[in-house]
Structure formats: C-alpha cells, structure tokens
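Peer 1: Below is my_file.cif; it holds mmCIF, C-alpha atoms.
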data_protein
loop_
_atom_site.group_PDB
_atom_site.id
_atom_site.type_symbol
_atom_site.label_atom_id
_atom_site.label_comp_id
_atom_site.auth_asym_id
_atom_site.auth_seq_id
_atom_site.Cartn_x
_atom_site.Cartn_y
_atom_site.Cartn_z
ATOM 1 C CA MET A 1 96.065 93.944 72.536
ATOM 2 C CA ILE A 2 94.746 97.479 73.018
ATOM 3 C CA GLU A 3 94.841 99.082 76.478
ATOM 4 C CA LEU A 4 92.948 102.151 77.587
ATOM 5 C CA PRO A 5 94.951 105.047 79.067
ATOM 6 C CA ALA A 6 95.608 104.821 82.824
ATOM 7 C CA TRP A 7 93.170 107.696 83.452
ATOM 8 C CA ALA A 8 90.291 105.913 81.658
ATOM 9 C CA VAL A 9 88.886 103.887 84.536
ATOM 10 C CA PRO A 10 85.273 102.618 84.553
ATOM 11 C CA ASN A 11 83.032 104.383 87.056
ATOM 12 C CA ASP A 12 80.286 101.749 86.897
ATOM 13 C CA ALA A 13 79.877 98.083 86.043
ATOM 14 C CA PRO A 14 76.106 97.582 85.729
ATOM 15 C CA ALA A 15 76.421 93.974 84.538
ATOM 16 C CA LEU A 16 79.095 91.428 85.511
ATOM 17 C CA ALA A 17 78.676 87.755 84.641
ATOM 18 C CA LEU A 18 80.348 84.374 84.869
ATOM 19 C CA VAL A 19 79.970 82.550 81.549
ATOM 20 C CA ASP A 20 79.827 78.889 82.614
ATOM 21 C CA ALA A 21 81.570 76.304 80.425
ATOM 22 C CA GLY A 22 79.995 73.409 82.308
ATOM 23 C CA GLY A 23 76.429 72.224 82.287
ATOM 24 C CA THR A 24 73.813 69.948 83.781
ATOM 25 C CA MET A 25 72.970 66.663 82.110
ATOM 26 C CA ARG A 26 69.367 65.578 82.622
ATOM 27 C CA SER A 27 67.994 62.164 81.875
ATOM 28 C CA PRO A 28 64.888 61.757 79.722
ATOM 29 C CA LEU A 29 63.816 59.125 82.276
ATOM 30 C CA ASN A 30 63.665 61.732 85.069
ATOM 31 C CA THR A 31 66.554 60.225 87.021
ATOM 32 C CA ALA A 32 69.074 62.301 88.958
ATOM 33 C CA ALA A 33 70.698 65.204 87.132
ATOM 34 C CA LEU A 34 74.463 65.233 86.738
ATOM 35 C CA ARG A 35 76.528 68.406 86.935
ATOM 36 C CA VAL A 36 79.476 68.444 84.502
ATOM 37 C CA ASN A 37 82.203 70.963 85.370
ATOM 38 C CA ARG A 38 84.683 71.856 82.654
ATOM 39 C CA PRO A 39 87.524 74.329 82.394
ATOM 40 C CA GLY A 40 86.788 77.365 80.281
ATOM 41 C CA SER A 41 84.378 79.323 82.476
ATOM 42 C CA HIS A 42 85.197 82.999 82.070
ATOM 43 C CA TYR A 43 83.891 86.499 82.734
ATOM 44 C CA ARG A 44 81.959 89.190 80.897
ATOM 45 C CA ALA A 45 81.636 92.808 82.086
ATOM 46 C CA THR A 46 79.583 95.774 80.949
ATOM 47 C CA LEU A 47 81.545 98.918 81.811
ATOM 48 C CA THR A 48 80.544 102.577 81.738
ATOM 49 C CA PHE A 49 82.734 105.643 82.060
ATOM 50 C CA ALA A 50 82.115 109.131 83.417
ATOM 51 C CA PRO A 51 81.487 111.711 80.669
ATOM 52 C CA MET A 52 84.828 112.686 79.129
ATOM 53 C CA GLU A 53 86.158 115.973 77.816
ATOM 54 C CA PRO A 54 86.653 116.028 74.002
ATOM 55 C CA ARG A 55 90.386 115.173 74.085
ATOM 56 C CA GLU A 56 89.954 112.179 76.427
ATOM 57 C CA GLY A 57 86.828 110.966 74.642
ATOM 58 C CA ARG A 58 88.578 111.117 71.264
ATOM 59 C CA ILE A 59 91.444 108.924 72.535
ATOM 60 C CA VAL A 60 89.196 106.302 74.166
ATOM 61 C CA VAL A 61 86.917 106.086 71.111
ATOM 62 C CA SER A 62 89.960 105.612 68.857
ATOM 63 C CA ARG A 63 91.245 102.772 71.027
ATOM 64 C CA LEU A 64 87.840 101.083 71.166
ATOM 65 C CA ILE A 65 87.605 101.154 67.372
ATOM 66 C CA ARG A 66 91.007 99.410 67.142
ATOM 67 C CA ALA A 67 90.045 96.994 69.942
ATOM 68 C CA GLN A 68 87.294 95.658 67.678
ATOM 69 C CA ARG A 69 90.071 93.983 65.641
ATOM 70 C CA GLU A 70 92.794 93.447 68.233
ATOM 71 C CA GLY A 71 91.023 92.855 71.540
ATOM 72 C CA LEU A 72 90.999 94.997 74.679
ATOM 73 C CA ARG A 73 92.538 94.915 78.152
ATOM 74 C CA VAL A 74 90.932 97.087 80.848
ATOM 75 C CA GLU A 75 91.202 97.325 84.611
ATOM 76 C CA PHE A 76 88.519 95.247 86.324
ATOM 77 C CA PRO A 77 86.355 97.349 88.687
ATOM 78 C CA LEU A 78 86.834 96.313 92.317
ATOM 79 C CA PRO A 79 84.208 96.886 95.027
ATOM 80 C CA GLU A 80 86.976 97.627 97.565
ATOM 81 C CA PRO A 81 90.781 98.016 97.549
ATOM 82 C CA GLN A 82 92.714 94.740 97.568
ATOM 83 C CA ARG A 83 95.979 95.334 99.412
ATOM 84 C CA VAL A 84 98.585 92.646 98.843
ATOM 85 C CA GLY A 85 102.263 93.258 99.495
ATOM 86 C CA GLY A 86 105.079 91.658 97.550
ATOM 87 C CA THR A 87 105.362 90.436 93.986
ATOM 88 C CA VAL A 88 102.930 87.545 93.616
ATOM 89 C CA VAL A 89 103.771 84.841 91.046
ATOM 90 C CA ILE A 90 102.637 81.294 90.255
ATOM 91 C CA ASP A 91 104.489 78.725 92.351
ATOM 92 C CA GLY A 92 105.004 75.717 90.085
ATOM 93 C CA ALA A 93 104.242 75.055 86.436
ATOM 94 C CA GLY A 94 101.362 73.109 84.933
ATOM 95 C CA GLN A 95 98.732 73.703 87.621
ATOM 96 C CA SER A 96 95.087 72.858 86.931
ATOM 97 C CA GLY A 97 91.801 72.628 88.765
ATOM 98 C CA LEU A 98 90.372 74.953 91.420
ATOM 99 C CA GLY A 99 93.506 75.942 93.332
ATOM 100 C CA LEU A 100 96.406 78.233 92.443
ATOM 101 C CA ALA A 101 99.716 77.913 94.296
ATOM 102 C CA VAL A 102 101.456 81.291 94.551
ATOM 103 C CA ARG A 103 104.570 82.734 96.171
ATOM 104 C CA GLY A 104 106.071 86.170 96.746
ATOM 105 C CA MET A 105 103.419 87.666 99.028
ATOM 106 C CA THR A 106 104.397 89.548 102.138
ATOM 107 C CA PRO A 107 104.298 86.929 104.950
ATOM 108 C CA ARG A 108 100.924 86.642 106.696
ATOM 109 C CA THR A 109 99.095 88.583 103.981
ATOM 110 C CA VAL A 110 95.355 87.886 104.050
ATOM 111 C CA VAL A 111 93.636 87.260 100.719
ATOM 112 C CA ARG A 112 89.882 87.576 101.200
ATOM 113 C CA GLU A 113 87.057 85.506 99.734
ATOM 114 C CA GLY A 114 85.545 87.293 96.743
ATOM 115 C CA TRP A 115 88.727 89.153 95.785
ATOM 116 C CA TRP A 116 89.737 89.184 92.115
ATOM 117 C CA LEU A 117 93.026 88.328 90.453
ATOM 118 C CA SER A 118 94.363 88.196 86.945
ATOM 119 C CA ILE A 119 97.032 85.768 85.791
ATOM 120 C CA GLU A 120 99.319 87.686 83.453
ATOM 121 C CA PRO A 121 101.632 85.585 81.271
ATOM 122 C CA VAL A 122 104.333 87.332 79.243
ATOM 123 C CA THR A 123 102.789 85.886 76.069
ATOM 124 C CA GLY A 124 99.159 84.890 75.611
ATOM 125 C CA ALA A 125 95.930 86.172 77.101
ATOM 126 C CA ARG A 126 95.436 87.135 80.720
ATOM 127 C CA CYS A 127 92.781 85.291 82.755
ATOM 128 C CA LEU A 128 90.511 86.791 85.419
ATOM 129 C CA HIS A 129 89.640 84.639 88.448
ATOM 130 C CA ASN A 130 87.665 84.998 91.668
ATOM 131 C CA VAL A 131 89.093 83.859 95.025
ATOM 132 C CA ALA A 132 86.721 81.306 96.577
ATOM 133 C CA GLY A 133 87.883 81.432 100.202
ATOM 134 C CA GLU A 134 90.007 83.405 102.640
ATOM 135 C CA VAL A 135 93.685 82.446 102.804
ATOM 136 C CA ILE A 136 96.605 83.683 104.891
ATOM 137 C CA ALA A 137 100.050 83.477 103.302
ATOM 138 C CA GLY A 138 102.615 81.510 105.233
ATOM 139 C CA ALA A 139 105.795 82.875 106.783
ATOM 140 C CA ASP A 140 107.478 82.046 103.450
ATOM 141 C CA GLY A 141 104.980 84.176 101.433
ATOM 142 C CA ARG A 142 103.372 81.110 99.837
ATOM 143 C CA ALA A 143 99.679 80.242 99.666
ATOM 144 C CA ILE A 144 97.225 78.133 97.713
ATOM 145 C CA LEU A 145 94.360 80.334 96.547
ATOM 146 C CA PRO A 146 91.026 78.537 96.077
ATOM 147 C CA LEU A 147 89.355 79.667 92.860
ATOM 148 C CA GLY A 148 85.684 80.007 91.953
ATOM 149 C CA GLU A 149 86.298 78.539 88.489
ATOM 150 C CA MET A 150 88.854 76.127 87.044
ATOM 151 C CA LEU A 151 92.157 77.353 85.688
ATOM 152 C CA ARG A 152 91.893 77.682 81.914
ATOM 153 C CA ALA A 153 95.500 76.987 81.011
ATOM 154 C CA PRO A 154 98.641 75.466 82.540
ATOM 155 C CA PHE A 155 100.725 78.590 83.219
ATOM 156 C CA THR A 156 104.487 78.537 83.701
ATOM 157 C CA ASP A 157 106.272 78.888 87.023
ATOM 158 C CA GLY A 158 106.899 82.544 87.878
ATOM 159 C CA THR A 159 103.939 83.935 85.876
ATOM 160 C CA ARG A 160 102.724 87.187 87.444
ATOM 161 C CA VAL A 161 99.484 87.157 89.475
ATOM 162 C CA ASN A 162 97.906 90.601 89.872
ATOM 163 C CA LEU A 163 95.762 90.991 92.996
ATOM 164 C CA MET A 164 96.078 94.773 93.375
ATOM 165 C CA ARG A 165 94.776 95.896 89.955
ATOM 166 C CA PRO A 166 93.446 92.872 88.072
ATOM 167 C CA THR A 167 92.422 93.257 84.455
ATOM 168 C CA ILE A 168 89.862 91.706 82.157
ATOM 169 C CA GLU A 169 91.072 91.002 78.641
ATOM 170 C CA GLY A 170 89.117 89.850 75.637
ATOM 171 C CA LEU A 171 86.777 90.866 72.873
ATOM 172 C CA VAL A 172 84.518 93.902 72.873
ATOM 173 C CA ASP A 173 81.022 92.500 72.429
ATOM 174 C CA GLY A 174 78.963 93.169 69.327
ATOM 175 C CA ASP A 175 79.729 94.219 65.774
ATOM 176 C CA ALA A 176 79.397 97.981 66.351
ATOM 177 C CA ARG A 177 81.180 100.477 68.602
ATOM 178 C CA GLU A 178 78.890 103.133 70.005
ATOM 179 C CA TRP A 179 79.499 106.335 71.938
ATOM 180 C CA GLY A 180 77.542 109.477 72.670
ATOM 181 C CA LEU A 181 78.435 113.128 72.130
ATOM 182 C CA SER A 182 76.368 115.668 74.091
ATOM 183 C CA VAL A 183 75.705 119.308 73.204
ATOM 184 C CA ASP A 184 78.345 120.366 75.737
ATOM 185 C CA GLN A 185 80.879 118.195 73.830
ATOM 186 C CA LEU A 186 81.203 115.499 76.542
ATOM 187 C CA THR A 187 81.684 111.957 75.275
ATOM 188 C CA THR A 188 79.805 109.103 76.961
ATOM 189 C CA ILE A 189 81.125 105.570 76.569
ATOM 190 C CA ALA A 190 79.856 102.135 77.597
ATOM 191 C CA PHE A 191 80.740 98.702 76.271
ATOM 192 C CA THR A 192 80.739 95.000 77.128
ATOM 193 C CA ILE A 193 83.960 92.979 77.148
ATOM 194 C CA GLU A 194 84.109 89.169 77.339
ATOM 195 C CA GLU A 195 87.169 87.056 77.961
ATOM 196 C CA ALA A 196 88.028 85.034 74.885
ATOM 197 C CA ARG A 197 90.419 82.476 76.367
#
Please rewrite the model in this file as structure tokens.
Peer 2:
Amino acid sequence: MIELPAWAVPNDAPALALVDAGGTMRSPLNTAALRVNRPGSHYRATLTFAPMEPREGRIVVSRLIRAQREGLRVEFPLPEPQRVGGTVVIDGAGQSGLGLAVRGMTPRTVVREGWWLSIEPVTGARCLHNVAGEVIAGADGRAILPLGEMLRAPFTDGTRVNLMRPTIEGLVDGDAREWGLSVDQLTTIAFTIEEAR
C-alpha cells in the first residue's frame, strides 16, 4: 500500500460519496418497496492538492503511478479538528452491524455526530466510517460508537481506531494518472480514491 508523504495533504475535497451496497426492492405489482441493507457500503473521495514545487510534485506523481498497481492510503480531509485523547482500540472481537465498541479513550471524551474514524488492522485494508450520533465515553474510557454504515469485517480485539487523523485506503479511480505542469513549474494534482474492501 502506497502512502503519500506527510506534507502532501489535500487542500480540497470537491466530491465525497457513500457508495451504498444495499438497495431498494420494488414490486412489479406496485406494492410497498422494501429497503435491503447489506454490509459493504464504503466511501469514495475526489481530492485536490495545492500546486506543488517541482521536487514535491515529482515525489507525489511517482507515488500515484505506483498506487495504480498497489493501492493508496491518504489522510481523509476533515471539516474540523477531531480531538480525542487516549489510544482508542476495538473492545471485543467479531463485532458486526451499526455499532462499534471501543476502549482506551480519555474518560468523558465526547465523540460528535458526523466525525470520521478509520479502523486500522495490522494486516488487511483499513475501513473509513462515519459516526452516526454523539457519544460520551464512560469513566472507564469505553463507548459504543453508532456508525452510519455497517461494519465491513469482523475485526480483532485491540485493533486501532483512528479518530484524530482517519485515512481512506483503496484504489485510485480510472485507468490513467493525470497531473498538470504549469509554465512556472508548479505541479497540480487531483485524483479520486475509492475504498476497495
């Protein structure tokens, strides 16, 4: 998995999307529709970067070319800082559904509705999730975070949960990598990444 340098942070995300794995079943007899929710919903993000000096642009372009084969992990752009103290990890193996039990937060930490998190296993792909409601951690640093979409995999106990700097990991969209080079030698870069897990 290719990662961009720490200094290569998107300055704009003009298109963010939830790719829904569920669907609506409609009857040909015009009876009530049925919503079918399935695990597998994931995110897609179009990211742009501020114009880069030649050295920085050269490095990012090189990594994007390799990411075409190997996949890419990049910091997810947040609309506001998400301050969470402690080392947050999954509390209990084999979880599924729309809630994630965690431990290790500073007691009484508030996790706000609409915040983002990434679940970061030691092996395997990371998963981006959206918090569906405000939660306050207990005196023991534990909480159950409601999620906007179902968990995609049963993670192991102690797997890291990143609320401060979540990442999106997946495939760079399309079969071509594009970048711009201006007359003043600044490199402009934009791409779309979609989670593959």
Peer 1: Measure the distance from CA of Leu34 (chain A) to CA of Ala17 (chain A) in Å and round it to one decimal.
Peer 2: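 About the pair CA of Leu34 (chain A) and CA of Ala17 (chain A): they are 23.0 Å apart.
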Peer 1: Could you tell me how far CA of Met105 (chain A) lies from CA of Leu147 (chain A), in Å and to one decimal?
Peer 2: 17.3 Å
Peer 1: Can you give me, as an mmCIF file with C-alpha atoms, keeping the file's coordinate frame, the residues this file yields under the PyMOL selection byres ((chain A and resi 11) around 10)?
Peer 2:
data_model
loop_
_atom_site.group_PDB
_atom_site.id
_atom_site.type_symbol
_atom_site.label_atom_id
_atom_site.label_comp_id
_atom_site.auth_asym_id
_atom_site.auth_seq_id
_atom_site.Cartn_x
_atom_site.Cartn_y
_atom_site.Cartn_z
ATOM 1 C CA ALA A 8 90.291 105.913 81.658
ATOM 2 C CA VAL A 9 88.886 103.887 84.536
ATOM 3 C CA PRO A 10 85.273 102.618 84.553
ATOM 4 C CA ASP A 12 80.286 101.749 86.897
ATOM 5 C CA ALA A 13 79.877 98.083 86.043
ATOM 6 C CA PRO A 14 76.106 97.582 85.729
ATOM 7 C CA LEU A 47 81.545 98.918 81.811
ATOM 8 C CA THR A 48 80.544 102.577 81.738
ATOM 9 C CA PHE A 49 82.734 105.643 82.060
ATOM 10 C CA ALA A 50 82.115 109.131 83.417
ATOM 11 C CA PRO A 51 81.487 111.711 80.669
ATOM 12 C CA PRO A 77 86.355 97.349 88.687
#
Peer 1: Neighbouring residues of region 80-91 of chain A were defined as those with any atom within 9 Å, considering only C-alpha atoms; residues of the same chain fewer than 5 positions away were excluded. Please report them as a PyMOL selection string.
Peer 2: chain A and resi 100-107+109-112+115-116+119+141-143+155-165
Peer 1: Mind pulling up the distance from CA of Arg73 (chain A) to CA of Glu3 (chain A)?
Peer 2: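 Separation of CA of Glu3 (chain A) and CA of Arg73 (chain A): 5.0 Å.
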Peer 1: Near Gly57 (chain A), within 8 Å and counting only C-alpha atoms, which residues show up once chain neighbours fewer than 4 positions away are dropped, as a ChimeraX atom specification?
Peer 2: /A:52-53,61,186-188
Peer 1: Each side padded by 6 Å, which centre and which edge lengths in Å (one decimal) define the axis-aligned box around the listed atoms of region 69-87 of chain A? Give them as AutoDock Vina command-line options.
Peer 2:
--center_x 94.8 --center_y 94.2 --center_z 82.6 --size_x 33.2 --size_y 19.6 --size_z 45.9
Peer 1: Got a sec to check which residues sit within 8 Å of (95.3, 74.1, 84.6), counting all atoms listed in the file, and write them as an MDAnalysis selection string?
Peer 2: chainID A and resid 94:97 150:155
Peer 1: Rank nothing, just name the residue among A:Ala93, A:Ile168, A:Leu145, A:Met25 nearest to Arg126 (chain A), using all atoms listed in the file.
Peer 2: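 When distances to Arg126 (chain A) are compared using all atoms listed in the file, the smallest one comes from A:Ile168.
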Peer 1: Identify which of the residues A:Leu18, A:Ala190, A:Leu117, A:Ala139 lies closest to Asp173 (chain A), counting all atoms listed in the file when measuring atom-to-atom distances.
Peer 2: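 Selected residue with least distance to Asp173 (chain A): A:Ala190.
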